[in-house]
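Trainee: Before I ask anything, let me first share the structure, which is written out below as structure tokens.
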Amino acid sequence: MTATLHLVSGSASTELLADCIAAASKGDVIILTGEAVYLPLLGVASRAIAAADTSLRIVALARDLDERGMGTRAAALIEVIDDHEMVRLAVACPRSMSWY
Amino acid sequence: MTATLHLVSGSASTELLADCIAAASKGDVIILTGEAVYLPLLGVASRAIAAADTSLRIVALARDLDERGMGTRAAALIEVIDDHEMVRLAVACPRSMSWY
Amino acid sequence: MKFSLLVIGDPVATPACRLALRFARAALAEGHEIYRVFFFSDAARIASRCLQTDLELAGTSRAWEEFADSTGAELLTCVSSAYRRGILDEQEAAAQQVPATLAPSFEIAGLGQLAEAVLTSDRVMTFGR
Amino acid sequence: MKFSLLVIGDPVATPACRLALRFARAALAEGHEIYRVFFFSDAARIASRCLQTDLELAGTSRAWEEFADSTGAELLTCVSSAYRRGILDEQEAAAQQVPATLAPSFEIAGLGQLAEAVLTSDRVMTFGR
Amino acid sequence: MQEINAEKSLLVVLRHPPGEDALTSESLDLAMACGAFIPATTLLFRDAGVLQLLAGQAPDLDTGTSIEKTVHALREYGITRCHVHSGSLARYGLRTGDLCMPCTESDDEQCRLLMKDHDQIIGL
Amino acid sequence: MQEINAEKSLLVVLRHPPGEDALTSESLDLAMACGAFIPATTLLFRDAGVLQLLAGQAPDLDTGTSIEKTVHALREYGITRCHVHSGSLARYGLRTGDLCMPCTESDDEQCRLLMKDHDQIIGL
């Protein structure tokens with residue numbers, strides 16, 4: 001497996017997510033953390049997520065969503081994972097890149 | 001004079017500038033400082049500046065441009081002011097708002 | 001004209017403290033008064049005497065101290081912003097049994113002092129991140 | 001699997017240090033090793049004993065210290081990042097004639113230690129702002 | 001000049017999303033303190049700042065405060081005028097019913113008037 | 001496991017603009033140190049990071065360094081592979097002639113390959 005794990009954090013900027021999606025390869029995984037978990041709420045960002053290559057897996061951290069009162073709201077918008085699954089993804093992907 | 005002075009700083013985000021321009025009123029003055037002085041370079045941002053109501057005055061700080069090696073490049077793209085003119089604008093505008 | 005400044009951005013990671021100092025110096029040169037400078041949130045770190053500074057550099061705590069000493073401007077740092085970031089005056093440091101870290105020329109103050117500056121100044125300029 | 005972490009974001013202003021700690025704890029629970037944690041740039045402030053911390057809170061320097069004490073993970077803070085932000089060990093503090101501010105369990109280290117971690121770890125995770 | 005002009009009005013504009021960033025809880029502290037000292041204090045939530053109003057947020061780890069907990073405090077501190085920018089709500093797919101406190105919805109033009117109608121503005 | 005794998009390759013991706021932000025000069029320090037210890041270190045400037053390469057920048061006030069000053073140092077520290085993302089240059093209206101050091105222009109697909117071709121990535 002040659003996938004790269006991408007961690008997106010630090011701001012709810014659609015530019016940041018767009019840069020990350022444009023740079024990712026088929027099979028890569030993108031985890032939204034921190035303020036970036038607001039991105040699925042944003043119409044323009046959710047369209048970018050929907051338009052991204054379907055071979056890209058885009059997920060958000062459950063705890064970061066819950067802390068922001070978005071736990072239930074997000075379930076319909078994006079796949080949600082816990083911290084343990086983040087570690088499993090880091091094991092499965094031989095390298096990672098951070099976007100912030 | 002009822003103009004508001006807007007200080008834009010902190011990031012070269014087009015979203016930030018777009019938010020500021022959308023919130024500004026006719027006659028307001030927008031000063032780009034810090035990393036925001038890169039905005040005129042960005043095609044999408046320079047189009048936003050060009051499309052903004054012509055009654056908006058959008059300027060950038062000379063020293064911030066010079067420190068970033070953009071002094072000469074910026075002169076063609078945006079009006080450039082020094083720190084003293086920033087103070088004069090703060091005197092002329094009864095209130096100010098910061099965007100960052 | 002009487003100015004007060006609200007500074008928010010970190011002194012190392014952002015240009016906020018340096019830009020605010022540039023504004024203060026230019027305002028002075030234009031014949032205005034800087035009444036009070038309120039360092040809030042990350043900007044409270046300017047008041048740390050742990051912060052390495054260089055007299056040559058603008059925007060550092062020593063440069064601010066020199067400005068305050070020569071003009072009488074008040075340098076206040078928000079009490080909750082400061083304590084949360086480990087900028088402690090003698091009293092709080094003693095309570096926590098750690099060294100005090102508040103630099104001279106800076107005073108710890110409540111947010112009421114910011115409100116007072118808003119009410120008594122002709123202009124309040126905010127310097128974000 | 002052997003992990004090392006590079007942490008960049010400020011411990012107060014960003015979730016970076018807390019998220020890195022959550023990752024470290026989950027990795028441990030999944031049977032992996034945290035070899036080295038390198039606090040760089042603003043994250044170096046986690047190593048300040050001026051930083052007010054609460055044992056209950058994740059992501060603070062004491063929580064990291066507990067993690068390191070119980071797992072043997074190395075907590076290193078970049079020397080130039082730390083000195084620039086006033087995190088001083090005994091030697092540098094003496095040279096500057098100010099109080100030392102490096103918290104126990106943290107060590108000041110050069111960037112070569114980060115490079116070594118990159119070369120000897122199976123995975124390096126970066127936690128930005 | 002040192003005399004306090006109690007008639008002076010202040011608009012506090014909150015533009016940053018909540019979360020672990022200390023600035024958010026500090027901003028609410030600032031708003032409350034200004035509300036206590038300056039009778040004519042108005043709050044305007046706009047851009048990502050509207051997310052501070054989302055119901056159901058966990059309290060800030062450092063301070064134990066959240067906007068839901070501070071809403072009553074805001075009133076106690078004398079802040080009764082809270083506005084939210086309707087365009088920002090729409091950007092995040094939110095309605096006023098999603099918010100944890102009652103706010104006056106203000107469109108672009110009303111927000112411009114808010115800025116013009118106050119003597120000072122603090123942008124957070 | 002403790003044995004150093006000197007064959008391991010590292011890609012350092014620089015995405016942040018220069019300026020008074022300390023992170024930029026610290027990032028260059030990190031890149032140089034990694035170049036000194038890890039022979040197979042490659043730099044990729046992309047997004048706002050391409051602005052670090054603009055010629056004519058004043059040195060960082062705190063450290064006295066600038067990318068123009070460090071370009072020779074980068075080579076001394078063993079970094080000979082520097083790439084710049086062509087799409088990011090275009091976004092800022094820049095050409096390689098505007099840059100203060102020679103970089104290989106890489107398009108989207110070449111940048112994706114750069115990421116895949118390295119064992120570790122550090123994003124700054």
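Letters A, B, ... go to the chains of the structure tokens in the order shown; residues in each chain start at 1; ligands are counted from 1 in the same order.
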Could the residues of chain C within 8 Å of chain D, counting only C-alpha atoms, be given as a list in words, please?
Mentor: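 Listing them in order of chain and number gives Val12, Ala13, Asp42, Arg49, Cys50, Leu51, Gln52, Tyr83, Arg84, Arg85, Gly86, Ile87, Leu88, Val98, Pro99 and Thr101 of chain C.
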Trainee: Would you save the residues of that selection, restricted to N, CA and C atoms, as a JSON list (two decimals), in the first residue's frame?
Mentor:
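As written to disk, out-v4.json reads:
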```json
[["chain", "number", "residue", "atom", "x", "y", "z"],
["C", 12, "VAL", "N", 6.02, 36.48, 19.17],
["C", 12, "VAL", "CA", 7.01, 35.76, 18.37],
["C", 12, "VAL", "C", 6.41, 35.28, 17.06],
["C", 13, "ALA", "N", 5.23, 34.69, 17.13],
["C", 13, "ALA", "CA", 4.66, 34.02, 15.96],
["C", 13, "ALA", "C", 3.93, 34.95, 15.01],
["C", 42, "ASP", "N", -2.82, 35.86, 23.25],
["C", 42, "ASP", "CA", -1.42, 35.48, 23.02],
["C", 42, "ASP", "C", -0.46, 36.65, 23.19],
["C", 49, "ARG", "N", 9.32, 38.06, 31.13],
["C", 49, "ARG", "CA", 10.75, 38.38, 31.10],
["C", 49, "ARG", "C", 11.55, 37.15, 30.70],
["C", 50, "CYS", "N", 10.87, 36.02, 30.48],
["C", 50, "CYS", "CA", 11.55, 34.86, 29.90],
["C", 50, "CYS", "C", 11.81, 35.09, 28.41],
["C", 51, "LEU", "N", 11.00, 35.94, 27.80],
["C", 51, "LEU", "CA", 11.12, 36.12, 26.35],
["C", 51, "LEU", "C", 12.46, 36.75, 26.01],
["C", 52, "GLN", "N", 13.22, 36.06, 25.20],
["C", 52, "GLN", "CA", 14.51, 36.63, 24.79],
["C", 52, "GLN", "C", 14.26, 37.83, 23.91],
["C", 83, "TYR", "N", -1.90, 34.82, 33.23],
["C", 83, "TYR", "CA", -1.76, 33.67, 34.14],
["C", 83, "TYR", "C", -1.87, 32.36, 33.37],
["C", 84, "ARG", "N", -2.82, 32.30, 32.43],
["C", 84, "ARG", "CA", -3.01, 31.09, 31.64],
["C", 84, "ARG", "C", -1.75, 30.72, 30.85],
["C", 85, "ARG", "N", -0.96, 31.73, 30.52],
["C", 85, "ARG", "CA", 0.26, 31.49, 29.73],
["C", 85, "ARG", "C", 1.53, 31.54, 30.59],
["C", 86, "GLY", "N", 1.35, 31.51, 31.90],
["C", 86, "GLY", "CA", 2.52, 31.43, 32.77],
["C", 86, "GLY", "C", 3.26, 32.74, 32.95],
["C", 87, "ILE", "N", 2.62, 33.88, 32.64],
["C", 87, "ILE", "CA", 3.22, 35.19, 32.94],
["C", 87, "ILE", "C", 2.69, 35.54, 34.32],
["C", 88, "LEU", "N", 3.55, 35.43, 35.33],
["C", 88, "LEU", "CA", 3.09, 35.54, 36.71],
["C", 88, "LEU", "C", 3.78, 36.70, 37.41],
["C", 98, "VAL", "N", 6.48, 29.00, 41.88],
["C", 98, "VAL", "CA", 7.35, 29.02, 40.70],
["C", 98, "VAL", "C", 7.93, 30.42, 40.59],
["C", 99, "PRO", "N", 8.95, 30.63, 39.73],
["C", 99, "PRO", "CA", 9.53, 31.97, 39.64],
["C", 99, "PRO", "C", 8.57, 32.96, 38.99],
["C", 101, "THR", "N", 7.57, 35.87, 36.45],
["C", 101, "THR", "CA", 8.06, 36.03, 35.09],
["C", 101, "THR", "C", 7.58, 37.32, 34.43]]
```
Trainee: Restrict the calculation to only C-alpha atoms, then for each residue of chain E with any atom at most 12 Å from an atom of chain C give the closest atom pair and their distance in Å to one decimal, rows by chain and rising residue number, as a tab-separated table.
Mentor:
```
residue	atom	partner	partner_atom	distance
E:Met1	CA	C:Thr120	CA	6.9
E:Gln2	CA	C:Thr120	CA	5.8
E:Glu3	CA	C:Thr120	CA	6.4
E:Ile4	CA	C:Thr120	CA	5.3
E:Asn5	CA	C:Leu119	CA	5.6
E:Ala6	CA	C:Leu119	CA	6.8
E:Glu7	CA	C:Leu119	CA	8.4
E:Lys8	CA	C:Leu119	CA	6.2
E:Ser9	CA	C:Leu119	CA	8.4
E:Leu10	CA	C:Val118	CA	8.0
E:Leu11	CA	C:Val118	CA	10.9
E:Val12	CA	C:Thr126	CA	11.3
E:Val13	CA	C:Thr126	CA	11.7
E:Arg15	CA	C:Gly128	CA	11.7
E:His16	CA	C:Gly128	CA	11.6
E:Asp21	CA	C:Ser41	CA	10.2
E:Ala22	CA	C:Ser41	CA	7.5
E:Leu23	CA	C:Ser41	CA	6.2
E:Thr24	CA	C:Ser41	CA	9.6
E:Ser25	CA	C:Ser41	CA	9.8
E:Glu26	CA	C:Ser41	CA	6.7
E:Ser27	CA	C:Ser41	CA	8.5
E:Leu28	CA	C:Leu111	CA	11.3
E:Asp29	CA	C:Leu111	CA	8.2
E:Leu30	CA	C:Leu111	CA	6.5
E:Ala31	CA	C:Leu111	CA	9.4
E:Met32	CA	C:Leu111	CA	9.2
E:Ala33	CA	C:Leu111	CA	5.9
E:Cys34	CA	C:Ala115	CA	5.3
E:Gly35	CA	C:Ala115	CA	8.6
E:Ala36	CA	C:Gly112	CA	8.3
E:Phe37	CA	C:Ala115	CA	6.1
E:Ile38	CA	C:Ala115	CA	6.8
E:Pro39	CA	C:Ala115	CA	10.6
E:Ala40	CA	C:Leu119	CA	10.7
E:Thr41	CA	C:Ala115	CA	10.3
E:Asp62	CA	C:Arg84	CA	8.6
E:Thr63	CA	C:Arg84	CA	9.5
E:His118	CA	C:Val118	CA	11.9
E:Asp119	CA	C:Arg123	CA	8.9
E:Gln120	CA	C:Val124	CA	6.9
E:Ile121	CA	C:Val124	CA	7.9
E:Ile122	CA	C:Thr126	CA	6.5
E:Gly123	CA	C:Thr126	CA	7.1
E:Leu124	CA	C:Gly128	CA	7.6
```
Trainee: Run DSSP on the backbone of this structure and report the residues of segment 72-120 of chain D it assigns to strand (DSSP E or B), as a tab-separated table (two decimals) with N, CA, C and O atoms, in the first residue's frame.
Mentor:
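So the final result, stored in states.tsv, reads:
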```tsv
chain	number	residue	atom	x	y	z
D	74	GLU	N	10.64	9.79	24.88
D	74	GLU	CA	11.49	10.97	25.07
D	74	GLU	C	10.72	12.23	24.71
D	74	GLU	O	10.13	12.30	23.63
D	75	LEU	N	10.76	13.24	25.57
D	75	LEU	CA	10.15	14.53	25.27
D	75	LEU	C	11.27	15.53	25.01
D	75	LEU	O	11.94	15.96	25.95
D	76	LEU	N	11.46	15.89	23.76
D	76	LEU	CA	12.53	16.82	23.41
D	76	LEU	C	11.94	18.13	22.91
D	76	LEU	O	10.93	18.12	22.20
D	77	THR	N	12.58	19.21	23.25
D	77	THR	CA	12.15	20.48	22.69
D	77	THR	C	13.32	21.13	21.96
D	77	THR	O	14.46	21.10	22.43
D	78	CYS	N	13.03	21.64	20.81
D	78	CYS	CA	14.07	22.18	19.93
D	78	CYS	C	14.77	23.36	20.61
D	78	CYS	O	14.12	24.29	21.10
D	102	LEU	N	12.66	25.66	32.16
D	102	LEU	CA	12.41	24.36	31.53
D	102	LEU	C	11.78	23.42	32.54
D	102	LEU	O	12.29	23.22	33.65
D	107	GLU	N	13.61	17.68	27.69
D	107	GLU	CA	15.02	17.96	27.42
D	107	GLU	C	15.14	18.89	26.24
D	107	GLU	O	14.36	18.81	25.29
D	108	ILE	N	16.13	19.77	26.30
D	108	ILE	CA	16.45	20.63	25.17
D	108	ILE	C	17.34	19.83	24.22
D	108	ILE	O	18.28	19.17	24.66
D	109	ALA	N	17.04	19.88	22.92
D	109	ALA	CA	17.79	19.06	21.97
D	109	ALA	C	17.92	19.77	20.63
D	109	ALA	O	17.13	20.66	20.31
```
Trainee: May I have chain A as a tab-separated table (two decimals) with C-alpha atoms, in the first residue's frame, after a least-squares superposition on chain B that uses all C-alpha atoms paired in order?
Mentor:
```
chain	number	residue	atom	x	y	z
A	1	MET	CA	-16.98	61.42	8.01
A	2	THR	CA	-18.43	58.11	9.03
A	3	ALA	CA	-15.92	55.84	7.40
A	4	THR	CA	-14.52	52.75	9.12
A	5	LEU	CA	-10.85	51.81	8.85
A	6	HIS	CA	-10.31	48.09	8.31
A	7	LEU	CA	-7.00	46.42	9.17
A	8	VAL	CA	-6.49	43.08	7.41
A	9	SER	CA	-3.60	40.98	8.69
A	10	GLY	CA	-2.45	37.55	9.67
A	11	SER	CA	-2.96	35.51	6.56
A	12	ALA	CA	-2.88	35.67	2.80
A	13	SER	CA	-6.37	34.15	2.74
A	14	THR	CA	-8.66	35.32	-0.01
A	15	GLU	CA	-11.62	34.36	2.19
A	16	LEU	CA	-10.48	36.86	4.81
A	17	LEU	CA	-10.25	39.70	2.29
A	18	ALA	CA	-13.56	38.74	0.71
A	19	ASP	CA	-15.26	38.80	4.13
A	20	CYS	CA	-13.79	42.23	4.83
A	21	ILE	CA	-14.79	43.70	1.45
A	22	ALA	CA	-18.31	42.31	1.78
A	23	ALA	CA	-18.71	43.91	5.20
A	24	ALA	CA	-17.24	47.32	4.30
A	25	SER	CA	-19.35	50.36	3.44
A	26	LYS	CA	-18.84	52.99	0.75
A	27	GLY	CA	-16.03	55.34	1.74
A	28	ASP	CA	-14.32	52.84	4.03
A	29	VAL	CA	-10.56	52.27	3.89
A	30	ILE	CA	-8.92	48.82	3.97
A	31	ILE	CA	-5.24	48.49	4.94
A	32	LEU	CA	-3.41	45.25	4.12
A	33	THR	CA	-0.67	44.44	6.65
A	34	GLY	CA	1.55	41.48	7.52
A	35	GLU	CA	0.95	38.40	5.42
A	36	ALA	CA	-2.11	40.02	3.86
A	37	VAL	CA	0.19	42.16	1.67
A	38	TYR	CA	0.61	39.07	-0.50
A	39	LEU	CA	-3.06	39.24	-1.47
A	40	PRO	CA	-2.64	41.60	-4.45
A	41	LEU	CA	-0.35	38.98	-6.00
A	42	LEU	CA	-3.12	36.39	-5.94
A	43	GLY	CA	-5.18	36.49	-9.11
A	44	VAL	CA	-8.43	35.77	-7.30
A	45	ALA	CA	-7.72	38.41	-4.65
A	46	SER	CA	-6.65	41.07	-7.13
A	47	ARG	CA	-9.86	40.48	-9.04
A	48	ALA	CA	-11.81	40.93	-5.78
A	49	ILE	CA	-9.94	44.17	-5.15
A	50	ALA	CA	-10.65	45.37	-8.69
A	51	ALA	CA	-14.32	44.35	-8.41
A	52	ALA	CA	-14.81	46.05	-5.04
A	53	ASP	CA	-16.92	49.17	-4.96
A	54	THR	CA	-14.67	51.94	-6.29
A	55	SER	CA	-15.62	54.04	-3.29
A	56	LEU	CA	-13.60	51.58	-1.18
A	57	ARG	CA	-9.95	52.55	-0.82
A	58	ILE	CA	-7.67	49.48	-0.50
A	59	VAL	CA	-4.03	50.11	0.39
A	60	ALA	CA	-1.00	48.15	1.64
A	61	LEU	CA	1.76	49.07	4.09
A	62	ALA	CA	5.07	49.90	2.41
A	63	ARG	CA	7.28	48.41	5.09
A	64	ASP	CA	5.42	45.09	5.14
A	65	LEU	CA	5.77	44.89	1.35
A	66	ASP	CA	9.47	45.80	1.42
A	67	GLU	CA	10.26	43.20	4.07
A	68	ARG	CA	8.73	40.58	1.78
A	69	GLY	CA	10.61	41.71	-1.32
A	70	MET	CA	7.39	42.98	-2.91
A	71	GLY	CA	8.00	46.73	-2.83
A	72	THR	CA	8.41	47.25	-6.56
A	73	ARG	CA	6.11	44.44	-7.59
A	74	ALA	CA	3.22	45.81	-5.52
A	75	ALA	CA	3.33	49.40	-6.81
A	76	ALA	CA	1.58	48.36	-9.99
A	77	LEU	CA	-1.01	46.30	-8.13
A	78	ILE	CA	-2.15	48.42	-5.18
A	79	GLU	CA	-1.81	51.84	-3.54
A	80	VAL	CA	1.07	51.80	-1.04
A	81	ILE	CA	1.19	53.90	2.16
A	82	ASP	CA	3.68	54.38	4.98
A	83	ASP	CA	3.08	54.02	8.74
A	84	HIS	CA	2.39	57.76	9.15
A	85	GLU	CA	-0.39	57.63	6.59
A	86	MET	CA	-1.84	54.67	8.52
A	87	VAL	CA	-2.06	56.93	11.57
A	88	ARG	CA	-3.63	59.75	9.52
A	89	LEU	CA	-6.24	57.30	8.25
A	90	ALA	CA	-6.92	56.20	11.83
A	91	VAL	CA	-7.50	59.85	12.72
A	92	ALA	CA	-9.72	60.46	9.68
A	93	CYS	CA	-11.88	57.38	10.30
A	94	PRO	CA	-13.82	57.56	13.57
A	95	ARG	CA	-13.61	53.80	14.18
A	96	SER	CA	-11.63	50.78	13.07
A	97	MET	CA	-12.16	47.05	12.70
A	98	SER	CA	-9.54	44.29	12.54
A	99	TRP	CA	-9.73	41.21	10.34
A	100	TYR	CA	-7.36	38.32	11.05
```
Trainee: Among segment 63-118 of chain D, which ones does DSSP assign to alpha helix (DSSP H) (computed from the backbone)? Answer as a count of residues only.
Mentor: 29
Trainee: Please report the interatomic distance between atom CA of Gly49 of chain F and atom CA of Ser88 of chain F in Å with one decimal.
Mentor: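 These atoms are spaced 8.5 Å apart.
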Trainee: Which polymer residues have any atom within 12 Å of an atom of Val84 of chain E, counting only C-alpha atoms, with same-chain residues fewer than 3 positions away left out, as an MDAnalysis selection string?
Mentor: chainID E and resid 12:15 42:54 81 87:90 94:96 99 101:108 110:111 114
Trainee: Chain E residues within 6 Å of chain A, counting only C-alpha atoms: which ones, as JSON, numbers by chain?
Mentor: {"E": [56, 57, 58, 91, 92]}
